[in-house]
Amino acid sequence: MTAISSDFSSAPVLPKWTAPVLLLAFAYGVVPLIGSSYLFEAILLPFLALSLAGVGLNILTGYAGQVSLGSAAFMAAGAFAAYNFNLRVEGLPLIGSIVLAGLVAAAIGIVFGLPSLRLKGFYLAVSTLAAQFFVQWALTKFSWFSNDSASGVIDAPRLSIAGYALDGAVGRYLFALTIVAVLTFLAYRLVSSQTGRNFIAIRDNETAARIIGIPVLKTKLLAFAISSFIIGVAGVIWAFAYLRTVEPDGFDLDRSFQILFIIIIGGLASIRGAFFGAALIVVFPLALSRLGGFLLGDLFDSGVLDMSQRIVLGALIILFLILEPDGLVALWDRIRRRLLFAWRST
Amino acid sequence: MPLPSYALGVMEASVYAPEVLARGLPSALPPAQPSEGRAGLAAQAAPLLSLQGIGLSFGGVVALADIDLSVLSGEIRAIIGPNGAGKSSLINVISGVYRPDRGHVLLDGIRHAHVPTQRLAHLGVARTFQNLALFKGLSVLDNVASGLAFKVRSNFAGQVLGIGRSRGEQRDTLSRADQILEFLDLSPVRDRLVGTLPYGLQKRVELARALVAEPRLLLLDEPMAGMTASEKGEMAGFVRAARDRFATTVVLIEHDVGVVMGLSDRIAVLDYGRKIADATPDEVRNDQRVIDAYLGVASDNEDGAGI
């Protein structure tokens, strides 16, 4: 966990908020007009949900240095909590159930973060697996969580804010985009605050952090809580806006690994890294299947596709860890600096 | 022999230069006190830190055996000794990283069987480490600012939203960190990632992180290890300046005997976990047991230069 936390730092000519603001303006103003329903349903919605989960995990793993393999469990906790709050509390607005769902995920995060007070590294990762298995088991075992649905798969409620329905692809996209933008901004503020510095201090040298008086136990649990809150809300987006069903199987161990890969490929301890990583993880399989279909035609059936995806993705991760341990963010910054340099010297 | 005022008053001082000057600066005294004056002083004034009968062993290895040590307010106290003599163990006992098997630590008159590490900063104790213990992912400024983290009372929500007392705290923290950076001549590297600095500067950043909280007791574990001669001289100057400006009491471990002799008021010598001498630099220099244990047996260097 020696990644560097210099987000938004290498644009010497423009203020650092320029790029995010322009991107947001594009995402709100242009994308809804030009995007196809395929773009929203297959690319942007999973991208947004996974990015937010990546931001959440990055706070815990990238900044605070606590490895977790339980991300999907917190997503599931968030999704099911939001579903149940929505179902069982009369008149609770959607935003209310989402916030409460995040708080439920945070509480579960604190409970499964308790081992971090004694365990580190791989041992902690294994203990967070317990969260993964326990939450999935509990959601399958107790049918109360899925409102006694026979199949265990439940339809997500319709999205609406202040009576305004957000059912279409564009509506769900804007809904997800808004939540992701707000939480990402808050996460960015957090990691540059004193609490964020405490996270990094504990990651880099726990003994020194304790000696200078950083409350180590409290700070670790806080990292688990905040991270789980964000991941829980990401789970709500995943289930309510993207899949539109809520089921435990969508939140299995594979999903946890996927989120971990996102932050490793994107760049640990970088808010932007989560977005880079999620873009790669979401777009890459689609691009590969298009490419395969184009090059090999009918030879490329879905079984081969699935396998080749795993192989290429695996190879890519290995390559990344060797060639660019600081992730896509570092790569991006380097390319940008080169371009800027070339542009100035002409 | 008049009793210097620093031994009585400075402990409560709120430590910036003007107040300290008003109460009488420790460094205003001649650096080399006559030894009987020191001894008399030790008997009269309550020491800021005193160790009583500290014993510590790891398995069968005795790291410290029956160590007594008293440190007066405002002095620079060196602990020297050959490798493996127990110097770092002693610092670790004082800062609560180790729990001694026997004995106790009296800090500011309060008795601790095990110094509470988590409360160390609140007790006014700061330390540096033998091997650098900086936060590599943070800038120099943020590293130093983290030395004030224990004083932060705002919660994370306030900091994220920028409301409540968090704004004032943030401003206060950064301005104090900047002052310390200036004091230690680190302002030019303020925004660099600390891991990218040369070793000597990293050592200085660690001193800055310890000093920013204005501790009453500063523990320096080999602050000059691995430095060049000129860097060592600079660092010794900073340690002395820090003591003078913040009225900090300093306990330091150092291998370079030449630097220690010039810098410290009193020196304790450890060998194989035992204290074999505890006196002024001049006395230590001429102590036969110290010479045998540490400096080598026969000396043809009468004035002690270069040892």
# chains A, B, ... in the order shown; residues from 1 in each chain; ligands from 1

call {"tool": "residues_around", "arguments": {"residues": "Gly109 (chain A)", "least_positions_apart": "3", "cutoff": "6 Å", "atoms": "only C-alpha atoms", "output": "NGL selection string"}}
result
:A and (105-106 or 112-113 or 224-225 or 228)

call {"tool": "interface_residues", "arguments": {"of": "chain A", "to": "chain B", "cutoff": "10 Å", "atoms": "only C-alpha atoms", "output": "number ranges by chain"}}
result
A: 1-6, 63, 185-198, 200-216, 219, 222, 226, 269

call {"tool": "closest_residue", "arguments": {"among": "B:Val259, B:Ile79, B:Leu49, B:Leu64", "to": "Asp278 (chain B)", "atoms": "only C-alpha atoms"}}
result
B:Ile79

call {"tool": "residues_around", "arguments": {"residues": "region 82-85 of chain B", "least_positions_apart": "6", "cutoff": "10 Å", "atoms": "only C-alpha atoms", "output": "tab-separated table (two decimals) with C-alpha atoms, in the first residue's frame"}}
result
chain	number	residue	atom	x	y	z
B	62	VAL	CA	18.35	-8.87	29.72
B	63	ALA	CA	17.88	-5.61	27.85
B	64	LEU	CA	17.72	-3.34	30.87
B	255	HIS	CA	26.36	7.16	18.62
B	269	VAL	CA	26.17	5.62	29.72
B	270	LEU	CA	24.65	2.17	29.29
B	271	ASP	CA	26.51	-1.05	28.76
B	272	TYR	CA	24.89	-4.48	28.62
B	273	GLY	CA	21.65	-3.03	29.98
B	274	ARG	CA	23.27	-1.44	33.01
B	275	LYS	CA	23.99	2.17	33.73
B	293	ALA	CA	33.40	-0.10	27.91
B	294	TYR	CA	32.90	2.26	25.10
B	295	LEU	CA	35.68	4.52	24.07

call {"tool": "closest_residue", "arguments": {"among": "A:Leu288, A:Ala19, A:Leu174, A:Ile237", "to": "Leu52 (chain A)", "atoms": "only C-alpha atoms"}}
result
A:Ile237

call {"tool": "select_by_dssp", "arguments": {"residues": "region 135-236 of chain A", "states": "helix (DSSP H, G or I)", "output": "NGL selection string"}}
result
:A and (135-141 or 169-191 or 194-204 or 206-211 or 216-236)

call {"tool": "residues_around", "arguments": {"residues": "Ala242 (chain B)", "least_positions_apart": "3", "cutoff": "10 Å", "atoms": "only C-alpha atoms", "output": "JSON, numbers by chain"}}
result
{"B": [180, 183, 184, 207, 208, 211, 214, 218, 236, 237, 238, 239, 245, 246, 247, 248, 249, 250]}

call {"tool": "write_last_selection", "arguments": {"atoms": "C-alpha atoms", "output": "short mmCIF file (atom, residue, chain, number, x, y, z; two decimals), in the first residue's frame"}}
result
data_model
loop_
_atom_site.label_atom_id
_atom_site.label_comp_id
_atom_site.auth_asym_id
_atom_site.auth_seq_id
_atom_site.Cartn_x
_atom_site.Cartn_y
_atom_site.Cartn_z
CA ILE B 180 7.85 24.72 12.59
CA PHE B 183 12.04 27.13 12.21
CA LEU B 184 13.75 23.97 10.95
CA LEU B 207 11.95 16.19 14.35
CA ALA B 208 9.47 18.76 13.04
CA LEU B 211 8.21 19.44 17.81
CA GLU B 214 5.46 21.67 21.54
CA LEU B 218 11.22 15.18 23.48
CA ALA B 236 22.72 19.41 16.84
CA GLY B 237 22.08 23.10 16.25
CA PHE B 238 18.39 22.42 15.64
CA VAL B 239 18.07 20.30 18.78
CA ARG B 245 12.75 28.16 21.83
CA PHE B 246 10.18 25.75 23.19
CA ALA B 247 11.74 25.07 26.62
CA THR B 248 11.59 21.40 25.72
CA THR B 249 13.44 18.85 27.75
CA VAL B 250 15.39 16.57 25.44
#

call {"tool": "residues_around", "arguments": {"residues": "region 77-84 of chain A", "least_positions_apart": "5", "cutoff": "10 Å", "atoms": "only C-alpha atoms", "output": "JSON, numbers by chain"}}
result
{"A": [71, 72, 89, 94, 95, 96, 97, 98, 99, 100, 101, 102, 103, 104, 105, 106, 108, 109, 135, 136, 139, 144, 145, 146, 147, 154, 155, 156, 157, 228, 229, 230, 231, 232, 233, 234, 235, 236, 237, 238, 239, 240, 245, 246, 247, 248, 251]}

call {"tool": "write_last_selection", "arguments": {"atoms": "N, CA and C atoms", "output": "compact mmCIF listing (two decimals), in the first residue's frame"}}
result
# COMPACT_ATOMS: atom_id res chain seq x y z
N SER A 71 -16.48 -6.39 0.16
CA SER A 71 -17.21 -5.26 -0.44
C SER A 71 -18.60 -5.66 -0.91
N ALA A 72 -18.69 -6.81 -1.59
CA ALA A 72 -19.99 -7.21 -2.14
C ALA A 72 -21.01 -7.42 -1.02
N VAL A 89 -41.43 0.90 5.67
CA VAL A 89 -41.67 2.20 6.31
C VAL A 89 -42.53 3.04 5.39
N LEU A 94 -37.44 8.06 -1.08
CA LEU A 94 -36.38 7.18 -1.57
C LEU A 94 -35.02 7.55 -1.00
N ILE A 95 -34.75 8.87 -0.97
CA ILE A 95 -33.46 9.31 -0.45
C ILE A 95 -33.29 8.86 1.00
N GLY A 96 -34.41 8.93 1.76
CA GLY A 96 -34.37 8.49 3.15
C GLY A 96 -33.97 7.03 3.25
N SER A 97 -34.58 6.18 2.42
CA SER A 97 -34.21 4.76 2.53
C SER A 97 -32.76 4.54 2.09
N ILE A 98 -32.28 5.34 1.15
CA ILE A 98 -30.90 5.15 0.71
C ILE A 98 -29.92 5.52 1.82
N VAL A 99 -30.20 6.66 2.48
CA VAL A 99 -29.32 7.07 3.58
C VAL A 99 -29.35 6.04 4.71
N LEU A 100 -30.57 5.59 5.06
CA LEU A 100 -30.67 4.58 6.12
C LEU A 100 -29.95 3.29 5.71
N ALA A 101 -30.07 2.93 4.43
CA ALA A 101 -29.39 1.72 3.96
C ALA A 101 -27.89 1.87 4.10
N GLY A 102 -27.39 3.06 3.77
CA GLY A 102 -25.96 3.30 3.95
C GLY A 102 -25.56 3.15 5.41
N LEU A 103 -26.42 3.65 6.32
CA LEU A 103 -26.10 3.55 7.74
C LEU A 103 -26.10 2.10 8.21
N VAL A 104 -27.05 1.31 7.67
CA VAL A 104 -27.05 -0.12 8.03
C VAL A 104 -25.76 -0.77 7.57
N ALA A 105 -25.37 -0.48 6.31
CA ALA A 105 -24.12 -1.05 5.80
C ALA A 105 -22.94 -0.60 6.66
N ALA A 106 -22.96 0.69 7.09
CA ALA A 106 -21.88 1.19 7.94
C ALA A 106 -21.82 0.42 9.26
N ILE A 108 -22.85 -2.64 9.83
CA ILE A 108 -22.30 -3.97 9.57
C ILE A 108 -20.80 -3.88 9.32
N GLY A 109 -20.39 -2.81 8.63
CA GLY A 109 -18.97 -2.60 8.38
C GLY A 109 -18.18 -2.48 9.68
N VAL A 135 -23.08 -12.48 5.30
CA VAL A 135 -24.19 -11.66 4.80
C VAL A 135 -24.96 -12.40 3.72
N GLN A 136 -24.23 -13.03 2.81
CA GLN A 136 -24.91 -13.76 1.74
C GLN A 136 -25.76 -14.90 2.32
N LEU A 139 -28.90 -13.47 4.08
CA LEU A 139 -29.92 -12.97 3.14
C LEU A 139 -30.64 -14.12 2.45
N TRP A 144 -37.31 -13.27 5.31
CA TRP A 144 -37.88 -11.98 5.68
C TRP A 144 -37.22 -10.85 4.90
N PHE A 145 -35.91 -10.99 4.69
CA PHE A 145 -35.16 -9.93 4.01
C PHE A 145 -35.67 -9.71 2.59
N SER A 146 -36.09 -10.82 1.92
CA SER A 146 -36.58 -10.67 0.56
C SER A 146 -38.11 -10.72 0.54
N ASN A 147 -38.72 -10.34 1.64
CA ASN A 147 -40.18 -10.26 1.75
C ASN A 147 -40.84 -11.58 1.37
N ILE A 154 -36.15 -10.32 -6.03
CA ILE A 154 -37.25 -9.39 -5.89
C ILE A 154 -37.07 -8.20 -6.81
N ASP A 155 -38.17 -7.66 -7.25
CA ASP A 155 -38.09 -6.48 -8.10
C ASP A 155 -37.82 -5.25 -7.25
N ALA A 156 -36.90 -4.45 -7.75
CA ALA A 156 -36.61 -3.20 -7.04
C ALA A 156 -37.79 -2.26 -7.21
N PRO A 157 -38.02 -1.40 -6.21
CA PRO A 157 -39.11 -0.44 -6.36
C PRO A 157 -38.80 0.57 -7.47
N SER A 228 -17.99 1.41 4.23
CA SER A 228 -19.16 0.56 4.06
C SER A 228 -20.39 1.36 3.71
N PHE A 229 -20.49 2.57 4.25
CA PHE A 229 -21.62 3.44 3.90
C PHE A 229 -21.64 3.67 2.40
N ILE A 230 -20.49 4.06 1.86
CA ILE A 230 -20.42 4.37 0.42
C ILE A 230 -20.68 3.12 -0.41
N ILE A 231 -20.07 2.00 0.00
CA ILE A 231 -20.26 0.76 -0.76
C ILE A 231 -21.72 0.32 -0.67
N GLY A 232 -22.34 0.53 0.50
CA GLY A 232 -23.75 0.17 0.64
C GLY A 232 -24.62 0.97 -0.32
N VAL A 233 -24.36 2.27 -0.44
CA VAL A 233 -25.13 3.09 -1.37
C VAL A 233 -24.85 2.64 -2.80
N ALA A 234 -23.60 2.26 -3.07
CA ALA A 234 -23.28 1.73 -4.41
C ALA A 234 -24.12 0.48 -4.68
N GLY A 235 -24.33 -0.33 -3.63
CA GLY A 235 -25.17 -1.52 -3.79
C GLY A 235 -26.60 -1.14 -4.14
N VAL A 236 -27.10 -0.06 -3.54
CA VAL A 236 -28.45 0.40 -3.86
C VAL A 236 -28.53 0.78 -5.34
N ILE A 237 -27.53 1.51 -5.82
CA ILE A 237 -27.53 1.92 -7.23
C ILE A 237 -27.48 0.68 -8.13
N TRP A 238 -26.61 -0.25 -7.73
CA TRP A 238 -26.46 -1.47 -8.52
C TRP A 238 -27.79 -2.19 -8.65
N ALA A 239 -28.49 -2.33 -7.52
CA ALA A 239 -29.72 -3.12 -7.54
C ALA A 239 -30.90 -2.31 -8.07
N PHE A 240 -31.05 -1.07 -7.63
CA PHE A 240 -32.25 -0.29 -7.96
C PHE A 240 -32.17 0.32 -9.36
N THR A 245 -33.37 -5.53 -9.98
CA THR A 245 -33.80 -6.60 -9.09
C THR A 245 -32.84 -6.63 -7.91
N VAL A 246 -33.31 -7.22 -6.81
CA VAL A 246 -32.45 -7.35 -5.65
C VAL A 246 -32.33 -8.83 -5.36
N GLU A 247 -31.13 -9.35 -5.44
CA GLU A 247 -30.93 -10.78 -5.13
C GLU A 247 -29.54 -10.98 -4.56
N PRO A 248 -29.40 -11.92 -3.63
CA PRO A 248 -28.09 -12.11 -2.99
C PRO A 248 -27.02 -12.59 -3.97
N PHE A 251 -24.31 -10.42 -5.47
CA PHE A 251 -23.28 -9.84 -4.58
C PHE A 251 -22.39 -10.94 -4.02

call {"tool": "atom_distance", "arguments": {"atom1": "CA of Asp185 (chain B)", "atom2": "CA of Glu231 (chain B)"}}
result
12.8 Å
